[in-house]
$ cat target.pdb   # PDB, N, CA and C atoms, pLDDT in the B column
MODEL        1
ATOM      1  N   MET A   1     -19.518  12.306  52.629  1.00 71.00           N
ATOM      2  CA  MET A   1     -19.612  12.625  54.033  1.00 71.00           C
ATOM      3  C   MET A   1     -18.211  12.471  54.638  1.00 71.00           C
ATOM      4  N   PRO A   2     -17.700  13.501  55.314  1.00 79.00           N
ATOM      5  CA  PRO A   2     -16.362  13.429  55.915  1.00 79.00           C
ATOM      6  C   PRO A   2     -16.297  12.396  57.043  1.00 79.00           C
ATOM      7  N   LEU A   3     -15.120  11.811  57.198  1.00 82.00           N
ATOM      8  CA  LEU A   3     -14.894  10.842  58.272  1.00 82.00           C
ATOM      9  C   LEU A   3     -14.590  11.562  59.575  1.00 82.00           C
ATOM     10  N   THR A   4     -14.977  10.968  60.663  1.00 92.00           N
ATOM     11  CA  THR A   4     -14.561  11.483  61.968  1.00 92.00           C
ATOM     12  C   THR A   4     -13.125  11.022  62.213  1.00 92.00           C
ATOM     13  N   HIS A   5     -12.475  11.602  63.161  1.00 92.00           N
ATOM     14  CA  HIS A   5     -11.104  11.209  63.515  1.00 92.00           C
ATOM     15  C   HIS A   5     -11.055   9.738  63.912  1.00 92.00           C
ATOM     16  N   ALA A   6     -12.023   9.275  64.671  1.00 91.00           N
ATOM     17  CA  ALA A   6     -12.069   7.880  65.112  1.00 91.00           C
ATOM     18  C   ALA A   6     -12.256   6.941  63.917  1.00 91.00           C
ATOM     19  N   GLU A   7     -13.108   7.326  62.960  1.00 90.00           N
ATOM     20  CA  GLU A   7     -13.318   6.497  61.768  1.00 90.00           C
ATOM     21  C   GLU A   7     -12.041   6.407  60.933  1.00 90.00           C
ATOM     22  N   LEU A   8     -11.343   7.520  60.787  1.00 87.00           N
ATOM     23  CA  LEU A   8     -10.082   7.533  60.041  1.00 87.00           C
ATOM     24  C   LEU A   8      -9.058   6.626  60.705  1.00 87.00           C
ATOM     25  N   LEU A   9      -8.933   6.713  62.014  1.00 89.00           N
ATOM     26  CA  LEU A   9      -7.984   5.849  62.725  1.00 89.00           C
ATOM     27  C   LEU A   9      -8.332   4.379  62.555  1.00 89.00           C
ATOM     28  N   ALA A  10      -9.617   4.050  62.525  1.00 88.00           N
ATOM     29  CA  ALA A  10     -10.037   2.666  62.331  1.00 88.00           C
ATOM     30  C   ALA A  10      -9.633   2.184  60.935  1.00 88.00           C
ATOM     31  N   PHE A  11      -9.763   3.025  59.923  1.00 86.00           N
ATOM     32  CA  PHE A  11      -9.356   2.661  58.567  1.00 86.00           C
ATOM     33  C   PHE A  11      -7.847   2.448  58.466  1.00 86.00           C
ATOM     34  N   MET A  12      -7.077   3.178  59.249  1.00 88.00           N
ATOM     35  CA  MET A  12      -5.612   3.114  59.159  1.00 88.00           C
ATOM     36  C   MET A  12      -5.067   1.722  59.473  1.00 88.00           C
ATOM     37  N   THR A  13      -5.806   0.929  60.208  1.00 89.00           N
ATOM     38  CA  THR A  13      -5.348  -0.417  60.539  1.00 89.00           C
ATOM     39  C   THR A  13      -5.933  -1.470  59.594  1.00 89.00           C
ATOM     40  N   SER A  14      -6.736  -1.020  58.624  1.00 89.00           N
ATOM     41  CA  SER A  14      -7.369  -1.936  57.675  1.00 89.00           C
ATOM     42  C   SER A  14      -6.428  -2.261  56.523  1.00 89.00           C
ATOM     43  N   CYS A  15      -6.709  -3.347  55.843  1.00 89.00           N
ATOM     44  CA  CYS A  15      -5.980  -3.735  54.636  1.00 89.00           C
ATOM     45  C   CYS A  15      -6.741  -3.231  53.412  1.00 89.00           C
ATOM     46  N   GLU A  16      -5.988  -2.919  52.340  1.00 90.00           N
ATOM     47  CA  GLU A  16      -6.635  -2.532  51.102  1.00 90.00           C
ATOM     48  C   GLU A  16      -7.414  -3.708  50.521  1.00 90.00           C
ATOM     49  N   ASP A  17      -8.533  -3.379  49.887  1.00 89.00           N
ATOM     50  CA  ASP A  17      -9.320  -4.375  49.176  1.00 89.00           C
ATOM     51  C   ASP A  17     -10.096  -3.644  48.090  1.00 89.00           C
ATOM     52  N   GLU A  18     -11.119  -4.269  47.529  1.00 86.00           N
ATOM     53  CA  GLU A  18     -11.859  -3.627  46.440  1.00 86.00           C
ATOM     54  C   GLU A  18     -12.680  -2.428  46.905  1.00 86.00           C
ATOM     55  N   HIS A  19     -12.789  -2.233  48.221  1.00 83.00           N
ATOM     56  CA  HIS A  19     -13.561  -1.109  48.760  1.00 83.00           C
ATOM     57  C   HIS A  19     -12.710  -0.061  49.468  1.00 83.00           C
ATOM     58  N   LEU A  20     -11.405  -0.319  49.620  1.00 85.00           N
ATOM     59  CA  LEU A  20     -10.543   0.606  50.361  1.00 85.00           C
ATOM     60  C   LEU A  20      -9.159   0.621  49.727  1.00 85.00           C
ATOM     61  N   GLU A  21      -8.684   1.819  49.384  1.00 84.00           N
ATOM     62  CA  GLU A  21      -7.355   1.966  48.806  1.00 84.00           C
ATOM     63  C   GLU A  21      -6.723   3.234  49.375  1.00 84.00           C
ATOM     64  N   PHE A  22      -5.473   3.136  49.765  1.00 85.00           N
ATOM     65  CA  PHE A  22      -4.750   4.276  50.322  1.00 85.00           C
ATOM     66  C   PHE A  22      -3.874   4.902  49.240  1.00 85.00           C
ATOM     67  N   LYS A  23      -3.860   6.231  49.152  1.00 80.00           N
ATOM     68  CA  LYS A  23      -3.037   6.964  48.202  1.00 80.00           C
ATOM     69  C   LYS A  23      -2.482   8.205  48.878  1.00 80.00           C
ATOM     70  N   GLU A  24      -1.216   8.508  48.582  1.00 78.00           N
ATOM     71  CA  GLU A  24      -0.672   9.791  49.029  1.00 78.00           C
ATOM     72  C   GLU A  24      -1.285  10.887  48.180  1.00 78.00           C
ATOM     73  N   ALA A  25      -1.447  12.067  48.750  1.00 73.00           N
ATOM     74  CA  ALA A  25      -2.100  13.160  48.035  1.00 73.00           C
ATOM     75  C   ALA A  25      -1.120  14.039  47.274  1.00 73.00           C
ATOM     76  N   LYS A  26       0.185  13.788  47.357  1.00 76.00           N
ATOM     77  CA  LYS A  26       1.125  14.719  46.752  1.00 76.00           C
ATOM     78  C   LYS A  26       0.971  14.867  45.245  1.00 76.00           C
ATOM     79  N   ALA A  27       0.423  13.876  44.555  1.00 68.00           N
ATOM     80  CA  ALA A  27       0.214  14.014  43.112  1.00 68.00           C
ATOM     81  C   ALA A  27      -0.862  15.041  42.804  1.00 68.00           C
ATOM     82  N   ASN A  28      -1.758  15.310  43.728  1.00 67.00           N
ATOM     83  CA  ASN A  28      -2.861  16.232  43.470  1.00 67.00           C
ATOM     84  C   ASN A  28      -2.807  17.492  44.334  1.00 67.00           C
ATOM     85  N   GLU A  29      -1.758  17.668  45.113  1.00 74.00           N
ATOM     86  CA  GLU A  29      -1.707  18.823  46.005  1.00 74.00           C
ATOM     87  C   GLU A  29      -1.565  20.139  45.271  1.00 74.00           C
ATOM     88  N   GLY A  30      -1.011  20.119  44.077  1.00 77.00           N
ATOM     89  CA  GLY A  30      -0.805  21.363  43.338  1.00 77.00           C
ATOM     90  C   GLY A  30      -1.964  21.723  42.437  1.00 77.00           C
ATOM     91  N   GLY A  31      -3.135  21.169  42.702  1.00 76.00           N
ATOM     92  CA  GLY A  31      -4.297  21.501  41.896  1.00 76.00           C
ATOM     93  C   GLY A  31      -4.518  20.507  40.770  1.00 76.00           C
ATOM     94  N   GLY A  32      -3.973  19.315  40.906  1.00 77.00           N
ATOM     95  CA  GLY A  32      -4.158  18.285  39.888  1.00 77.00           C
ATOM     96  C   GLY A  32      -5.586  17.776  39.871  1.00 77.00           C
ATOM     97  N   ARG A  33      -5.806  16.779  39.021  1.00 80.00           N
ATOM     98  CA  ARG A  33      -7.147  16.222  38.879  1.00 80.00           C
ATOM     99  C   ARG A  33      -7.141  14.745  39.243  1.00 80.00           C
ATOM    100  N   LEU A  34      -8.213  14.313  39.815  1.00 79.00           N
ATOM    101  CA  LEU A  34      -8.439  12.912  40.131  1.00 79.00           C
ATOM    102  C   LEU A  34      -9.674  12.490  39.344  1.00 79.00           C
ATOM    103  N   ILE A  35      -9.482  11.545  38.433  1.00 85.00           N
ATOM    104  CA  ILE A  35     -10.581  11.118  37.579  1.00 85.00           C
ATOM    105  C   ILE A  35     -10.986   9.709  37.971  1.00 85.00           C
ATOM    106  N   LEU A  36     -12.226   9.556  38.394  1.00 86.00           N
ATOM    107  CA  LEU A  36     -12.760   8.256  38.786  1.00 86.00           C
ATOM    108  C   LEU A  36     -13.463   7.616  37.598  1.00 86.00           C
ATOM    109  N   GLY A  37     -13.455   6.296  37.567  1.00 90.00           N
ATOM    110  CA  GLY A  37     -14.207   5.592  36.550  1.00 90.00           C
ATOM    111  C   GLY A  37     -13.439   5.332  35.264  1.00 90.00           C
ATOM    112  N   VAL A  38     -12.096   5.454  35.308  1.00 94.00           N
ATOM    113  CA  VAL A  38     -11.251   5.195  34.150  1.00 94.00           C
ATOM    114  C   VAL A  38     -10.107   4.298  34.607  1.00 94.00           C
ATOM    115  N   THR A  39      -9.776   3.259  33.806  1.00 93.00           N
ATOM    116  CA  THR A  39      -8.683   2.369  34.187  1.00 93.00           C
ATOM    117  C   THR A  39      -7.372   3.136  34.237  1.00 93.00           C
ATOM    118  N   ASP A  40      -6.451   2.686  35.106  1.00 87.00           N
ATOM    119  CA  ASP A  40      -5.186   3.405  35.251  1.00 87.00           C
ATOM    120  C   ASP A  40      -4.122   2.967  34.255  1.00 87.00           C
ATOM    121  N   LYS A  41      -4.346   1.867  33.564  1.00 91.00           N
ATOM    122  CA  LYS A  41      -3.382   1.386  32.569  1.00 91.00           C
ATOM    123  C   LYS A  41      -3.905   1.660  31.165  1.00 91.00           C
ATOM    124  N   LYS A  42      -2.983   1.973  30.256  1.00 94.00           N
ATOM    125  CA  LYS A  42      -3.353   2.224  28.863  1.00 94.00           C
ATOM    126  C   LYS A  42      -3.576   0.911  28.143  1.00 94.00           C
ATOM    127  N   PRO A  43      -4.479   0.815  27.206  1.00 95.00           N
ATOM    128  CA  PRO A  43      -5.364   1.902  26.787  1.00 95.00           C
ATOM    129  C   PRO A  43      -6.427   2.150  27.854  1.00 95.00           C
ATOM    130  N   ARG A  44      -6.609   3.390  28.209  1.00 95.00           N
ATOM    131  CA  ARG A  44      -7.581   3.725  29.246  1.00 95.00           C
ATOM    132  C   ARG A  44      -8.998   3.401  28.772  1.00 95.00           C
ATOM    133  N   ILE A  45      -9.760   2.808  29.662  1.00 95.00           N
ATOM    134  CA  ILE A  45     -11.125   2.412  29.341  1.00 95.00           C
ATOM    135  C   ILE A  45     -12.062   3.037  30.369  1.00 95.00           C
ATOM    136  N   ILE A  46     -13.129   3.645  29.885  1.00 95.00           N
ATOM    137  CA  ILE A  46     -14.135   4.199  30.792  1.00 95.00           C
ATOM    138  C   ILE A  46     -14.941   3.036  31.353  1.00 95.00           C
ATOM    139  N   VAL A  47     -14.857   2.857  32.676  1.00 93.00           N
ATOM    140  CA  VAL A  47     -15.564   1.758  33.331  1.00 93.00           C
ATOM    141  C   VAL A  47     -16.710   2.261  34.204  1.00 93.00           C
ATOM    142  N   GLY A  48     -16.798   3.561  34.379  1.00 92.00           N
ATOM    143  CA  GLY A  48     -17.866   4.134  35.188  1.00 92.00           C
ATOM    144  C   GLY A  48     -17.560   4.047  36.678  1.00 92.00           C
ATOM    145  N   SER A  49     -18.403   4.647  37.468  1.00 88.00           N
ATOM    146  CA  SER A  49     -18.228   4.667  38.908  1.00 88.00           C
ATOM    147  C   SER A  49     -19.577   4.828  39.583  1.00 88.00           C
ATOM    148  N   GLY A  50     -19.756   4.126  40.672  1.00 86.00           N
ATOM    149  CA  GLY A  50     -20.960   4.303  41.475  1.00 86.00           C
ATOM    150  C   GLY A  50     -20.693   5.180  42.690  1.00 86.00           C
ATOM    151  N   ALA A  51     -19.547   5.909  42.673  1.00 80.00           N
ATOM    152  CA  ALA A  51     -19.149   6.698  43.833  1.00 80.00           C
ATOM    153  C   ALA A  51     -20.100   7.870  44.083  1.00 80.00           C
ATOM    154  N   PHE A  52     -20.687   8.413  43.022  1.00 76.00           N
ATOM    155  CA  PHE A  52     -21.572   9.564  43.165  1.00 76.00           C
ATOM    156  C   PHE A  52     -22.846   9.306  42.377  1.00 76.00           C
ATOM    157  N   PRO A  53     -23.978   9.744  42.908  1.00 73.00           N
ATOM    158  CA  PRO A  53     -25.235   9.538  42.156  1.00 73.00           C
ATOM    159  C   PRO A  53     -25.278  10.408  40.893  1.00 73.00           C
TER     160      PRO A  53
ENDMDL
END
$ encode --input "target.pdb" --output "structure tokens"
Amino acid sequence: MPLTHAELLAFMTSCEDEHLEFKEAKANEGGGRLILGVTDKKPRIIVGSGAFP
């Protein structure tokens, strides 16, 4: 579900934690891929995700 402008502004003053992380989009702007549920450090491990049913 997309955020409203007010919701986005409220997040902008929040600190990162296990439920909120900020990332620049430039790594994926050219049609890259974002893979959820895999550790970012090698050896990569599939850890799963509850982000989508």
$ residues_around --input "target.pdb" --residues "Ala51 in chain A" --least-positions-apart "2" --cutoff "12 Å" --atoms "only C-alpha atoms" --output "list in words"
Met1, His19, Ile35, Leu36, Gly37, Gly48, Ser49 and Pro53 of chain A
$ atom_distance --input "target.pdb" --atom1 "atom C of Gly30 in chain A" --atom2 "atom N of Ser14 in chain A"
28.3 Å
$ atom_distance --input "target.pdb" --atom1 "atom N of Glu21 in chain A" --atom2 "CA of Arg33 in chain A"
17.9 Å
$ select_by_dssp --input "target.pdb" --residues "chain A" --states "alpha helix (DSSP H)" --output "ChimeraX atom specification"
/A:5-12
$ atom_distance --input "target.pdb" --atom1 "CA of Asp40 in chain A" --atom2 "CA of Lys23 in chain A"
13.6 Å
$ axis_aligned_box --input "target.pdb" --around "range 45-52 of chain A" --padding-each-side "6 Å" --output "JSON"
{"center_x": -16.3, "center_y": 5.7, "center_z": 36.7, "size_x": 25.1, "size_y": 19.8, "size_z": 26.7}
